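Asks: Below is the file query-v9.csv, with CSV, C-alpha atoms.
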```csv
chain,number,residue,atom,x,y,z
A,1,MET,CA,36.1,29.5,-59.3
A,2,ASN,CA,33.0,28.2,-57.5
A,3,ILE,CA,33.2,24.7,-56.2
A,4,GLY,CA,30.0,22.8,-56.3
A,5,TYR,CA,29.6,20.9,-53.1
A,6,PRO,CA,27.0,18.1,-53.0
A,7,LYS,CA,23.9,19.0,-51.1
A,8,LEU,CA,23.4,16.9,-48.0
A,9,PRO,CA,19.9,16.1,-46.6
A,10,LEU,CA,19.2,18.4,-43.6
A,11,ASN,CA,18.3,15.4,-41.4
A,12,PRO,CA,20.7,15.1,-38.4
A,13,PRO,CA,20.2,11.4,-37.8
A,14,MET,CA,21.2,10.8,-41.5
A,15,LEU,CA,24.3,13.0,-41.1
A,16,LEU,CA,25.6,11.3,-38.0
A,17,PRO,CA,27.3,8.3,-39.8
A,18,LEU,CA,29.0,10.7,-42.3
A,19,LEU,CA,30.5,13.1,-39.8
A,20,PRO,CA,33.7,11.2,-38.9
A,21,SER,CA,34.7,10.8,-42.6
A,22,LEU,CA,33.9,14.5,-43.3
A,23,PHE,CA,36.0,15.7,-40.4
A,24,LEU,CA,39.0,13.5,-41.6
A,25,ALA,CA,38.6,14.8,-45.1
A,26,ILE,CA,39.1,18.4,-44.0
A,27,GLY,CA,42.0,17.5,-41.6
A,28,ILE,CA,40.2,17.4,-38.3
A,29,SER,CA,40.7,14.4,-36.1
A,30,LEU,CA,38.1,13.8,-33.4
A,31,PRO,CA,38.1,10.9,-30.9
A,32,LEU,CA,34.5,10.2,-31.6
A,33,SER,CA,32.8,6.9,-32.1
A,34,SER,CA,29.6,6.3,-33.9
A,35,SER,CA,28.0,5.3,-30.6
A,36,SER,CA,29.0,8.6,-28.9
A,37,LEU,CA,27.2,10.5,-31.7
A,38,SER,CA,24.1,8.5,-31.3
A,39,SER,CA,20.9,10.5,-30.7
A,40,SER,CA,19.7,7.9,-28.3
A,41,PRO,CA,19.9,8.6,-24.5
A,42,SER,CA,22.5,6.8,-22.4
A,43,PRO,CA,21.2,3.6,-20.8
A,44,PRO,CA,20.3,3.9,-17.2
A,45,SER,CA,22.7,2.9,-14.5
A,46,PRO,CA,22.5,-0.6,-13.2
A,47,ALA,CA,20.9,0.6,-9.9
A,48,ALA,CA,18.2,2.4,-11.9
A,49,LYS,CA,17.3,-0.7,-13.9
A,50,SER,CA,14.7,-3.2,-12.7
A,51,ASN,CA,16.3,-6.6,-12.2
A,52,TYR,CA,13.2,-8.3,-10.9
A,53,ARG,CA,12.7,-11.6,-12.6
A,54,TYR,CA,10.2,-14.3,-11.8
A,55,ASP,CA,12.0,-17.6,-11.8
A,56,PRO,CA,10.1,-20.5,-10.1
A,57,ASN,CA,13.0,-22.9,-10.9
A,58,ILE,CA,15.2,-21.2,-8.3
A,59,LYS,CA,12.7,-19.7,-5.9
A,60,ASN,CA,9.6,-20.8,-4.1
A,61,TYR,CA,7.0,-18.1,-4.3
A,62,ASP,CA,4.3,-19.6,-2.1
A,63,MET,CA,3.3,-17.0,0.6
A,64,HIS,CA,1.8,-18.0,3.9
A,65,ILE,CA,-0.8,-15.5,5.2
A,66,THR,CA,0.0,-14.6,8.8
A,67,SER,CA,-2.3,-11.7,9.5
A,68,LEU,CA,-5.1,-9.6,7.9
A,69,HIS,CA,-5.8,-5.9,8.7
A,70,ARG,CA,-8.5,-3.3,7.8
A,71,TYR,CA,-8.1,0.4,8.2
A,72,ALA,CA,-11.7,1.8,8.0
A,73,VAL,CA,-10.7,5.4,8.5
A,74,LYS,CA,-7.7,6.6,6.6
A,75,GLY,CA,-4.8,7.4,9.0
A,76,LEU,CA,-6.3,5.7,12.1
A,77,SER,CA,-5.1,2.4,13.5
A,78,GLY,CA,-6.3,-0.8,12.0
A,79,ASP,CA,-8.2,-3.8,13.1
A,80,SER,CA,-6.9,-7.4,12.9
A,81,LEU,CA,-9.2,-9.8,11.2
A,82,ASP,CA,-9.4,-13.6,11.1
A,83,SER,CA,-10.9,-13.7,7.7
A,84,VAL,CA,-12.3,-11.6,4.8
A,85,THR,CA,-15.1,-12.3,2.5
A,86,PHE,CA,-15.2,-11.1,-1.1
A,87,GLN,CA,-18.4,-11.0,-3.2
A,88,GLU,CA,-18.4,-10.6,-6.9
A,89,GLY,CA,-17.4,-7.0,-7.7
A,90,ASP,CA,-15.6,-6.4,-4.4
A,91,GLY,CA,-12.3,-4.6,-4.9
A,92,THR,CA,-10.8,-4.6,-1.4
A,93,PHE,CA,-11.5,-5.6,2.2
A,94,GLU,CA,-14.9,-4.6,3.5
A,95,ASP,CA,-14.8,-0.9,4.4
A,96,ASP,CA,-11.0,-0.6,4.1
A,97,ARG,CA,-10.2,3.1,3.9
A,98,ARG,CA,-13.8,3.8,3.2
A,99,PHE,CA,-13.8,6.9,5.4
A,100,ALA,CA,-11.4,9.8,5.7
A,101,LEU,CA,-10.9,13.1,7.6
A,102,LEU,CA,-10.8,15.7,4.9
A,103,TYR,CA,-9.6,19.2,5.8
A,104,ASP,CA,-12.6,21.6,5.5
A,105,ASP,CA,-10.7,23.9,3.2
A,106,ARG,CA,-10.2,21.1,0.7
A,107,THR,CA,-13.9,19.9,0.5
A,108,GLU,CA,-14.3,21.5,-2.9
A,109,CYS,CA,-12.0,18.8,-4.2
A,110,PHE,CA,-14.3,16.0,-3.1
A,111,ASN,CA,-17.6,14.9,-4.7
A,112,GLN,CA,-19.2,12.1,-2.7
A,113,ASP,CA,-21.4,11.1,-5.7
A,114,ASP,CA,-18.4,10.9,-8.1
A,115,PRO,CA,-15.3,10.7,-5.8
A,116,GLU,CA,-11.8,10.8,-7.3
A,117,TRP,CA,-8.4,9.9,-5.7
A,118,LEU,CA,-6.9,12.7,-3.7
A,119,HIS,CA,-3.4,13.1,-2.4
A,120,LYS,CA,-2.9,12.4,1.3
A,121,ASP,CA,-1.9,15.9,2.2
A,122,ASN,CA,-5.6,16.8,1.8
A,123,PHE,CA,-6.5,14.8,4.9
A,124,LEU,CA,-5.8,14.6,8.6
A,125,CYS,CA,-3.9,11.3,8.5
A,126,ALA,CA,-0.7,9.6,9.4
A,127,PHE,CA,1.1,11.6,6.7
A,128,THR,CA,0.0,15.1,7.9
A,129,ALA,CA,-0.2,14.4,11.7
A,130,PRO,CA,1.7,11.1,12.5
A,131,GLU,CA,2.4,11.9,16.2
A,132,LEU,CA,-1.1,13.1,16.9
A,133,LEU,CA,-2.9,10.1,15.4
A,134,ALA,CA,-0.4,7.7,17.0
A,135,SER,CA,-1.6,8.9,20.4
A,136,LEU,CA,-5.0,7.2,19.7
A,137,ARG,CA,-6.3,3.7,19.8
A,138,THR,CA,-9.2,2.9,17.6
A,139,GLU,CA,-11.6,0.1,16.8
A,140,TYR,CA,-14.1,-0.3,14.0
A,141,LYS,CA,-16.9,-2.8,13.9
A,142,VAL,CA,-19.6,-3.6,11.3
A,143,ASP,CA,-22.6,-4.8,13.2
A,144,PRO,CA,-25.2,-6.5,10.9
A,145,ASN,CA,-27.5,-7.2,13.9
A,146,HIS,CA,-28.1,-3.5,14.6
A,147,ASP,CA,-29.3,-2.0,11.3
A,148,GLY,CA,-25.9,-2.1,9.6
A,149,ARG,CA,-24.1,0.1,12.2
A,150,ARG,CA,-20.4,0.9,11.5
A,151,LEU,CA,-19.1,1.8,14.9
A,152,LEU,CA,-15.9,3.7,15.4
A,153,THR,CA,-14.5,3.9,18.9
A,154,VAL,CA,-11.5,6.0,19.9
A,155,TRP,CA,-9.4,5.8,23.1
A,156,ASN,CA,-6.4,7.6,24.3
A,157,ARG,CA,-3.4,5.4,23.8
A,158,ASP,CA,-1.7,6.7,27.0
A,159,ASP,CA,-4.4,4.9,29.0
A,160,ASP,CA,-2.5,1.8,28.1
A,161,ASP,CA,-5.6,-0.3,28.7
A,162,ASP,CA,-6.0,-3.2,26.3
A,163,ASP,CA,-9.3,-4.1,27.8
A,164,ASN,CA,-11.5,-1.8,25.7
A,165,ASP,CA,-14.7,-2.9,27.4
A,166,ASN,CA,-13.5,-1.4,30.7
A,167,SER,CA,-11.9,1.9,29.5
A,168,THR,CA,-13.8,5.1,28.7
A,169,PRO,CA,-13.7,6.0,25.0
A,170,LEU,CA,-13.1,9.5,23.8
A,171,LEU,CA,-15.5,8.9,20.9
A,172,SER,CA,-18.1,6.4,19.9
A,173,ALA,CA,-19.8,7.1,16.6
A,174,ASP,CA,-21.8,5.2,13.9
A,175,LEU,CA,-20.1,6.1,10.6
A,176,ALA,CA,-23.1,4.7,8.7
A,177,SER,CA,-25.1,7.7,9.9
A,178,SER,CA,-24.7,11.4,9.1
A,179,GLY,CA,-25.0,12.2,12.8
A,180,GLY,CA,-22.1,9.8,13.6
A,181,ARG,CA,-19.9,11.3,10.9
A,182,ASP,CA,-20.7,14.8,12.2
A,183,ALA,CA,-19.7,13.8,15.7
A,184,THR,CA,-16.5,12.3,14.3
A,185,SER,CA,-15.8,15.5,12.4
A,186,THR,CA,-16.2,17.6,15.5
A,187,PHE,CA,-14.0,15.4,17.7
A,188,PHE,CA,-11.1,15.4,15.3
A,189,SER,CA,-11.5,19.1,14.5
A,190,ASP,CA,-11.1,19.9,18.2
A,191,LEU,CA,-8.2,17.4,18.5
A,192,CYS,CA,-6.1,18.9,15.7
A,193,GLY,CA,-7.2,22.5,16.0
A,194,LYS,CA,-8.3,22.6,12.3
A,195,LYS,CA,-11.7,21.9,10.9
A,196,VAL,CA,-12.0,18.5,9.3
A,197,VAL,CA,-15.0,16.7,7.8
A,198,CYS,CA,-15.5,12.9,7.9
A,199,VAL,CA,-16.3,12.0,4.3
A,200,CYS,CA,-17.1,8.9,2.3
A,201,ALA,CA,-18.6,8.0,-1.0
A,202,SER,CA,-22.4,8.2,-1.2
A,203,ASP,CA,-22.6,4.4,-1.5
A,204,VAL,CA,-22.1,3.9,2.3
A,205,VAL,CA,-24.8,1.8,4.0
A,206,THR,CA,-27.0,3.9,6.2
A,207,SER,CA,-28.3,2.8,9.5
A,208,SER,CA,-31.8,4.0,8.7
A,209,THR,CA,-32.2,1.8,5.6
A,210,ASN,CA,-29.6,-0.9,6.1
A,211,GLU,CA,-29.3,-1.1,2.3
A,212,SER,CA,-26.5,-3.4,1.2
A,213,THR,CA,-24.2,-1.5,-1.2
A,214,GLN,CA,-20.7,-2.2,-2.3
A,215,HIS,CA,-17.7,-0.3,-1.1
A,216,THR,CA,-16.7,1.4,-4.4
A,217,HIS,CA,-14.3,4.2,-3.4
A,218,GLN,CA,-11.1,3.7,-1.3
A,219,PHE,CA,-9.1,6.7,0.1
A,220,GLY,CA,-5.9,5.0,-0.9
A,221,ASN,CA,-2.4,6.1,0.0
A,222,THR,CA,-1.2,6.4,-3.6
A,223,SER,CA,-2.8,6.6,-7.1
A,224,SER,CA,-1.6,3.1,-7.8
A,225,GLY,CA,-5.1,1.7,-8.2
A,226,VAL,CA,-6.1,4.5,-10.5
A,227,LYS,CA,-3.1,4.0,-12.7
A,228,ASN,CA,-3.1,0.2,-12.8
A,229,ASN,CA,-6.7,-0.8,-12.4
A,230,ASN,CA,-8.7,1.2,-15.0
A,231,GLY,CA,-9.3,4.1,-12.6
A,232,ASP,CA,-10.6,2.0,-9.8
A,233,THR,CA,-9.1,3.4,-6.5
A,234,ARG,CA,-9.5,0.1,-4.6
A,235,THR,CA,-6.3,-1.9,-3.9
A,236,ILE,CA,-5.0,-4.4,-1.4
A,237,HIS,CA,-1.6,-3.9,0.2
A,238,ILE,CA,0.7,-6.9,0.9
A,239,VAL,CA,3.9,-6.8,3.0
A,240,ASN,CA,6.5,-9.6,3.2
A,241,SER,CA,7.5,-9.9,6.8
A,242,ASN,CA,11.0,-11.3,5.8
A,243,THR,CA,11.7,-8.1,3.8
A,244,VAL,CA,10.8,-6.1,6.9
A,245,LYS,CA,13.2,-8.2,9.0
A,246,GLN,CA,16.1,-7.8,6.6
A,247,PHE,CA,15.4,-4.0,6.5
A,248,SER,CA,15.4,-4.0,10.3
A,249,ASP,CA,18.7,-5.8,10.5
A,250,ALA,CA,20.3,-3.4,8.0
A,251,MET,CA,19.3,-0.2,9.8
A,252,GLN,CA,20.5,-1.2,13.4
A,253,HIS,CA,23.5,1.1,13.2
A,254,ASP,CA,21.4,4.1,12.1
A,255,LEU,CA,19.0,3.6,15.0
A,256,LYS,CA,21.9,3.6,17.4
A,257,GLN,CA,23.2,6.8,16.0
A,258,GLN,CA,19.8,8.3,16.5
A,259,LYS,CA,20.0,7.2,20.1
A,260,GLN,CA,16.9,5.2,19.8
A,261,LYS,CA,16.0,2.9,22.7
A,262,GLN,CA,17.3,-0.6,22.0
A,263,HIS,CA,15.6,-3.8,22.7
A,264,GLU,CA,17.4,-6.7,24.4
A,265,GLY,CA,18.6,-9.6,22.3
A,266,ASN,CA,18.8,-9.0,18.5
A,267,GLY,CA,18.1,-5.3,18.6
A,268,ILE,CA,15.1,-3.6,17.1
A,269,GLN,CA,12.8,-5.4,14.7
A,270,LEU,CA,10.3,-3.2,13.0
A,271,ASN,CA,6.7,-4.5,13.2
A,272,PRO,CA,5.3,-5.2,9.7
A,273,THR,CA,2.1,-3.5,10.7
A,274,ARG,CA,4.0,-0.2,10.8
A,275,PHE,CA,3.6,-0.3,6.9
A,276,ARG,CA,-0.2,-0.4,7.3
A,277,PRO,CA,-0.7,-3.5,5.1
A,278,ASN,CA,-3.9,-5.4,4.6
A,279,ILE,CA,-2.1,-8.7,4.3
A,280,ILE,CA,1.2,-9.8,6.0
A,281,VAL,CA,2.9,-12.9,4.5
A,282,ASP,CA,6.0,-15.0,5.2
A,283,GLY,CA,7.7,-17.9,3.6
A,284,LEU,CA,9.1,-15.7,0.8
A,285,ASP,CA,12.7,-14.6,0.5
A,286,PRO,CA,13.3,-10.9,1.2
A,287,TRP,CA,12.4,-8.7,-1.7
A,288,SER,CA,11.3,-11.6,-3.8
A,289,GLU,CA,7.8,-10.3,-3.8
A,290,PHE,CA,8.9,-7.7,-6.4
A,291,ASP,CA,9.5,-10.5,-8.9
A,292,LEU,CA,5.7,-11.0,-8.9
A,293,ILE,CA,4.6,-7.7,-10.4
A,294,GLY,CA,2.2,-8.5,-13.2
A,295,LYS,CA,1.6,-12.0,-11.9
A,296,THR,CA,-1.7,-13.5,-10.6
A,297,ILE,CA,-1.9,-15.2,-7.3
A,298,GLU,CA,-4.6,-17.6,-6.1
A,299,VAL,CA,-5.7,-18.3,-2.5
A,300,ILE,CA,-5.1,-21.9,-1.4
A,301,PRO,CA,-7.1,-22.6,1.7
A,302,LYS,CA,-5.4,-23.9,4.8
A,303,GLU,CA,-5.6,-27.7,5.3
A,304,SER,CA,-8.2,-27.5,8.0
A,305,ASP,CA,-10.6,-25.8,5.4
A,306,GLN,CA,-9.7,-27.9,2.4
A,307,LYS,CA,-11.8,-30.9,3.5
A,308,HIS,CA,-14.8,-28.7,3.6
A,309,GLN,CA,-14.3,-27.3,0.1
A,310,THR,CA,-16.8,-28.1,-2.6
A,311,GLN,CA,-16.9,-27.3,-6.3
A,312,GLN,CA,-19.4,-24.6,-5.5
A,313,GLN,CA,-16.8,-22.4,-3.7
A,314,ALA,CA,-15.3,-19.5,-5.5
A,315,LYS,CA,-11.7,-19.2,-6.7
A,316,LEU,CA,-10.2,-16.0,-5.3
A,317,ARG,CA,-7.4,-14.5,-7.2
A,318,PHE,CA,-5.4,-11.2,-7.1
A,319,ARG,CA,-3.3,-9.5,-9.6
A,320,ILE,CA,0.0,-7.9,-8.4
A,321,THR,CA,0.1,-4.4,-10.0
A,322,SER,CA,3.1,-2.5,-8.5
A,323,ARG,CA,5.5,-1.9,-5.6
A,324,THR,CA,4.5,0.3,-2.7
A,325,VAL,CA,6.3,3.6,-2.4
A,326,ARG,CA,6.9,4.6,1.3
A,327,CYS,CA,6.4,8.1,2.8
A,328,ALA,CA,6.7,9.9,6.1
A,329,GLY,CA,3.3,8.6,7.2
A,330,ILE,CA,4.9,5.4,8.6
A,331,GLY,CA,7.7,7.2,10.5
A,332,VAL,CA,5.9,6.7,13.8
A,333,ASP,CA,4.7,3.3,14.9
A,334,THR,CA,1.9,3.2,17.5
A,335,LEU,CA,3.0,-0.2,18.6
A,336,GLN,CA,6.6,0.9,19.1
A,337,PRO,CA,6.4,4.5,20.3
A,338,GLU,CA,9.8,4.2,22.1
A,339,LEU,CA,11.5,4.2,18.7
A,340,GLY,CA,10.4,7.8,18.0
A,341,THR,CA,10.3,9.0,14.4
A,342,ILE,CA,12.2,7.1,11.8
A,343,ASP,CA,12.8,8.3,8.3
A,344,ILE,CA,11.8,5.0,6.6
A,345,PRO,CA,12.1,6.2,2.9
A,346,LYS,CA,15.6,7.6,3.5
A,347,LEU,CA,16.8,4.4,5.2
A,348,LEU,CA,15.3,2.2,2.5
A,349,THR,CA,17.1,4.1,-0.2
A,350,LYS,CA,20.4,4.1,1.8
A,351,HIS,CA,20.5,0.4,2.5
A,352,PHE,CA,18.7,-0.9,-0.5
A,353,PRO,CA,19.3,1.5,-3.4
A,354,GLN,CA,18.4,-1.1,-5.9
A,355,HIS,CA,14.9,-1.0,-4.6
A,356,GLY,CA,14.6,2.7,-3.6
A,357,PRO,CA,12.0,3.9,-1.2
A,358,TYR,CA,9.7,0.9,-1.9
A,359,LEU,CA,8.5,-1.8,0.4
A,360,GLY,CA,5.3,-3.9,-0.1
A,361,LEU,CA,3.1,-4.7,-3.1
A,362,TYR,CA,-0.3,-3.4,-4.3
A,363,ALA,CA,-2.7,-6.0,-5.6
A,364,VAL,CA,-6.2,-5.8,-7.1
A,365,VAL,CA,-9.0,-8.4,-7.0
A,366,ASP,CA,-8.6,-10.3,-10.3
A,367,GLN,CA,-11.3,-13.0,-9.9
A,368,VAL,CA,-14.1,-14.1,-7.6
A,369,CYS,CA,-15.4,-16.9,-9.7
A,370,GLY,CA,-18.0,-19.4,-8.4
A,371,PHE,CA,-21.5,-19.7,-7.0
A,372,ASN,CA,-20.5,-18.6,-3.5
A,373,CYS,CA,-18.3,-15.8,-2.3
A,374,GLY,CA,-14.6,-16.1,-1.9
A,375,HIS,CA,-12.9,-16.3,1.5
A,376,LEU,CA,-9.4,-15.2,2.6
A,377,CYS,CA,-8.3,-16.5,6.0
A,378,VAL,CA,-5.2,-16.3,8.2
A,379,GLY,CA,-3.3,-19.5,7.5
A,380,ASP,CA,-4.2,-19.6,3.8
A,381,THR,CA,-1.5,-19.6,1.1
A,382,PHE,CA,-1.0,-17.4,-1.9
A,383,ARG,CA,0.3,-19.4,-5.0
A,384,VAL,CA,1.3,-18.0,-8.3
A,385,VAL,CA,-1.1,-19.1,-11.1
A,386,ASP,CA,0.7,-20.8,-14.0
A,387,GLU,CA,0.4,-18.9,-17.2
```
Could you render the structure as structure tokens?

Replies:
Amino acid sequence: MNIGYPKLPLNPPMLLPLLPSLFLAIGISLPLSSSSLSSSPSPPSPAAKSNYRYDPNIKNYDMHITSLHRYAVKGLSGDSLDSVTFQEGDGTFEDDRRFALLYDDRTECFNQDDPEWLHKDNFLCAFTAPELLASLRTEYKVDPNHDGRRLLTVWNRDDDDDDNDNSTPLLSADLASSGGRDATSTFFSDLCGKKVVCVCASDVVTSSTNESTQHTHQFGNTSSGVKNNNGDTRTIHIVNSNTVKQFSDAMQHDLKQQKQKQHEGNGIQLNPTRFRPNIIVDGLDPWSEFDLIGKTIEVIPKESDQKHQTQQQAKLRFRITSRTVRCAGIGVDTLQPELGTIDIPKLLTKHFPQHGPYLGLYAVVDQVCGFNCGHLCVGDTFRVVDE
């Protein structure tokens, strides 16, 4: 005799709730719960979940700006600035990472008329040659009084002469001219033993015309700008000095095991400039900056400038887009060469697994609103804009 079994829909999610009863009906006992049969993936572990939460009721998120830095050539040392001016449409500091040393065998990847973001391994930079570039001191100046020259000067760091005016440079070149970029290409090709080309977007100001054009392409360290700013490569990098201090304190034992030279007093304190930020801030609890992702911050001028403010001045705002992932490019610090090479991503993940290999924030210009340009100065404050 044929038994007519009811036909069940061949849809696994619909069958799942019926399975325990079906197994029991035919005499099979399984220690399964409906949750264990769910087709949904298991929730991530607590360490993998983001616990960052902006809560102004328990934290003060005001950030005091202690220093400003520009890195005109990707991978070379930066210049300290007292202030930065933003015009409408500017996306980062003037000329920050506007130039790069592209390996000659990668030039087919770069179009100066329509440049796209390229990974750092395409360039001679701190990621591909940290020790070599750490042996150099560089300075970059924009000189509006001499036909818009953008003068790059390079010295040997071993000279240990902070008086640049009295030391003999290895290179002095105007990056606003093709001849200056060619000279820079030749110098660094000879230095690294592999041909490189000093490249930039075609919007660069030329010394012959002194035409004023905006800095539209930045050779950024990550694709964060592209992903979080509608394809715009320009970003601004912010580092909290208190986070760097807590990280330094946590890694003391590791540095001793590596037999690194110790400083007297409280041991080694990493310099925040090691992380190549544009802006260094303090006044914020360690890691609290990660609470600000997605928030907008506004520049509050220092007291000495507030009395000169007028309603004509622009409001300067930035939007925090993401955390900054760290790489081997910051393993060597030119200001602390006695520390040798430190595996920063590994130590960050070891001591702060809840954050992973991240330290710092990326921000983009959100607003330069007013009749005049916006200014950012050392001593100013960042304040979160109420939503």

Asks: If I take CA of Asp380 in chain A and CA of Lys302 in chain A, how far is one from the other in Å, to one decimal?

Replies: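 Atom-to-atom, CA of Asp380 in chain A and CA of Lys302 in chain A are spaced 4.6 Å apart.
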
Asks: Could you tell me how far CA of Cys109 in chain A lies from CA of Tyr140 in chain A, in Å and to one decimal?

Replies: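 These atoms are spaced 26.5 Å apart.
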
Asks: Please report as a tab-separated table every residue of range 51-77 of chain A lying within 8 Å of range 84-104 of chain A, along with the nearest atom pair and their distance in Å (one decimal), using all atoms listed in the file.

Replies:
```
residue	atom	partner	partner_atom	distance
A:Arg70	CA	A:Asp96	CA	5.2
A:Tyr71	CA	A:Asp96	CA	5.1
A:Ala72	CA	A:Arg97	CA	4.6
A:Val73	CA	A:Phe99	CA	4.6
A:Lys74	CA	A:Ala100	CA	5.0
A:Gly75	CA	A:Ala100	CA	7.8
```

Asks: One decimal, in Å: what's the spacing between CA of His355 in chain A and CA of Asn242 in chain A?

Replies: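 These atoms are spaced 15.1 Å apart.
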
Asks: With distances taken over only C-alpha atoms, which residue among A:Asp249, A:Asp333, A:Glu116, A:Glu108 lies nearest Ser223 in chain A?

Replies: A:Glu116

Asks: Pick the closest to Arg150 in chain A from A:Arg181, A:Arg383, A:Lys120, A:Lys227: which is it, counting all atoms listed in the file?

Replies: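 Checking each candidate against Arg150 in chain A, we get A:Arg181 as the closest.
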
Asks: For Leu152 in chain A, which residue out of A:Leu68, A:Cys192, A:Cys198, A:Val384 is the nearest one, using all atoms listed in the file?

Replies: A:Cys198

Asks: Which residues are close to Ala250 in chain A, i.e. within 10 Å by all atoms listed in the file, leaving aside same-chain residues fewer than 6 positions away? Reply as a ChimeraX atom specification.

Replies: /A:244,347-348,350-352

Asks: As a compact mmCIF listing (two decimals) with C-alpha atoms, in the coordinates of the input, please: the residues near Leu151 in chain A (cut-off 9 Å, all atoms listed in the file, same-chain neighbours under 4 positions excluded).

Replies:
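Produced file out-v3.txt, reproduced below:
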```
# COMPACT_ATOMS: atom_id res chain seq x y z
CA GLU A 139 -11.60 0.10 16.80
CA TYR A 140 -14.10 -0.30 14.00
CA LYS A 141 -16.90 -2.80 13.90
CA VAL A 142 -19.60 -3.60 11.30
CA ASP A 143 -22.60 -4.80 13.20
CA SER A 172 -18.10 6.40 19.90
CA ALA A 173 -19.80 7.10 16.60
CA ASP A 174 -21.80 5.20 13.90
CA LEU A 175 -20.10 6.10 10.60
CA ALA A 176 -23.10 4.70 8.70
CA GLY A 180 -22.10 9.80 13.60
```

Asks: For a quick check of understanding, using only C-alpha atoms, which of A:Thr107, A:Thr324, A:Ser288, A:Asn122 has the smallest distance to Val197 in chain A?

Replies: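 Using only C-alpha atoms, the shortest distance to Val197 in chain A belongs to A:Thr107.
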
Asks: Rank A:Ala129, A:Leu136, A:Val196, A:Met251 by their smallest atom-to-atom distance to Leu170 in chain A, using only C-alpha atoms, and report the top residue only.

Replies: A:Leu136

Asks: Just want the 6 Å neighbourhood of Gly331 in chain A, counted on all atoms listed in the file, with same-chain residues fewer than 3 positions away dropped. Output as an MDAnalysis selection string.

Replies: chainID A and resid 328 341:343

Asks: I'd like the contact shell of Val325 in chain A - 7 Å cut-off, only C-alpha atoms, skipping same-chain residues fewer than 3 positions apart - returned as a ChimeraX atom specification.

Replies: /A:357-359

Asks: Could you tell me, as a PyMOL selection string, which residues have any atom at most 9 Å from (-2.1, -9.3, 10.8), counting only C-alpha atoms?

Replies: chain A and resi 65-69+79-82+272-273+277-281+378

Asks: Closest to Gly283 in chain A among A:Thr321, A:Thr349, A:Thr222, A:Ser241, using only C-alpha atoms?

Replies: A:Ser241
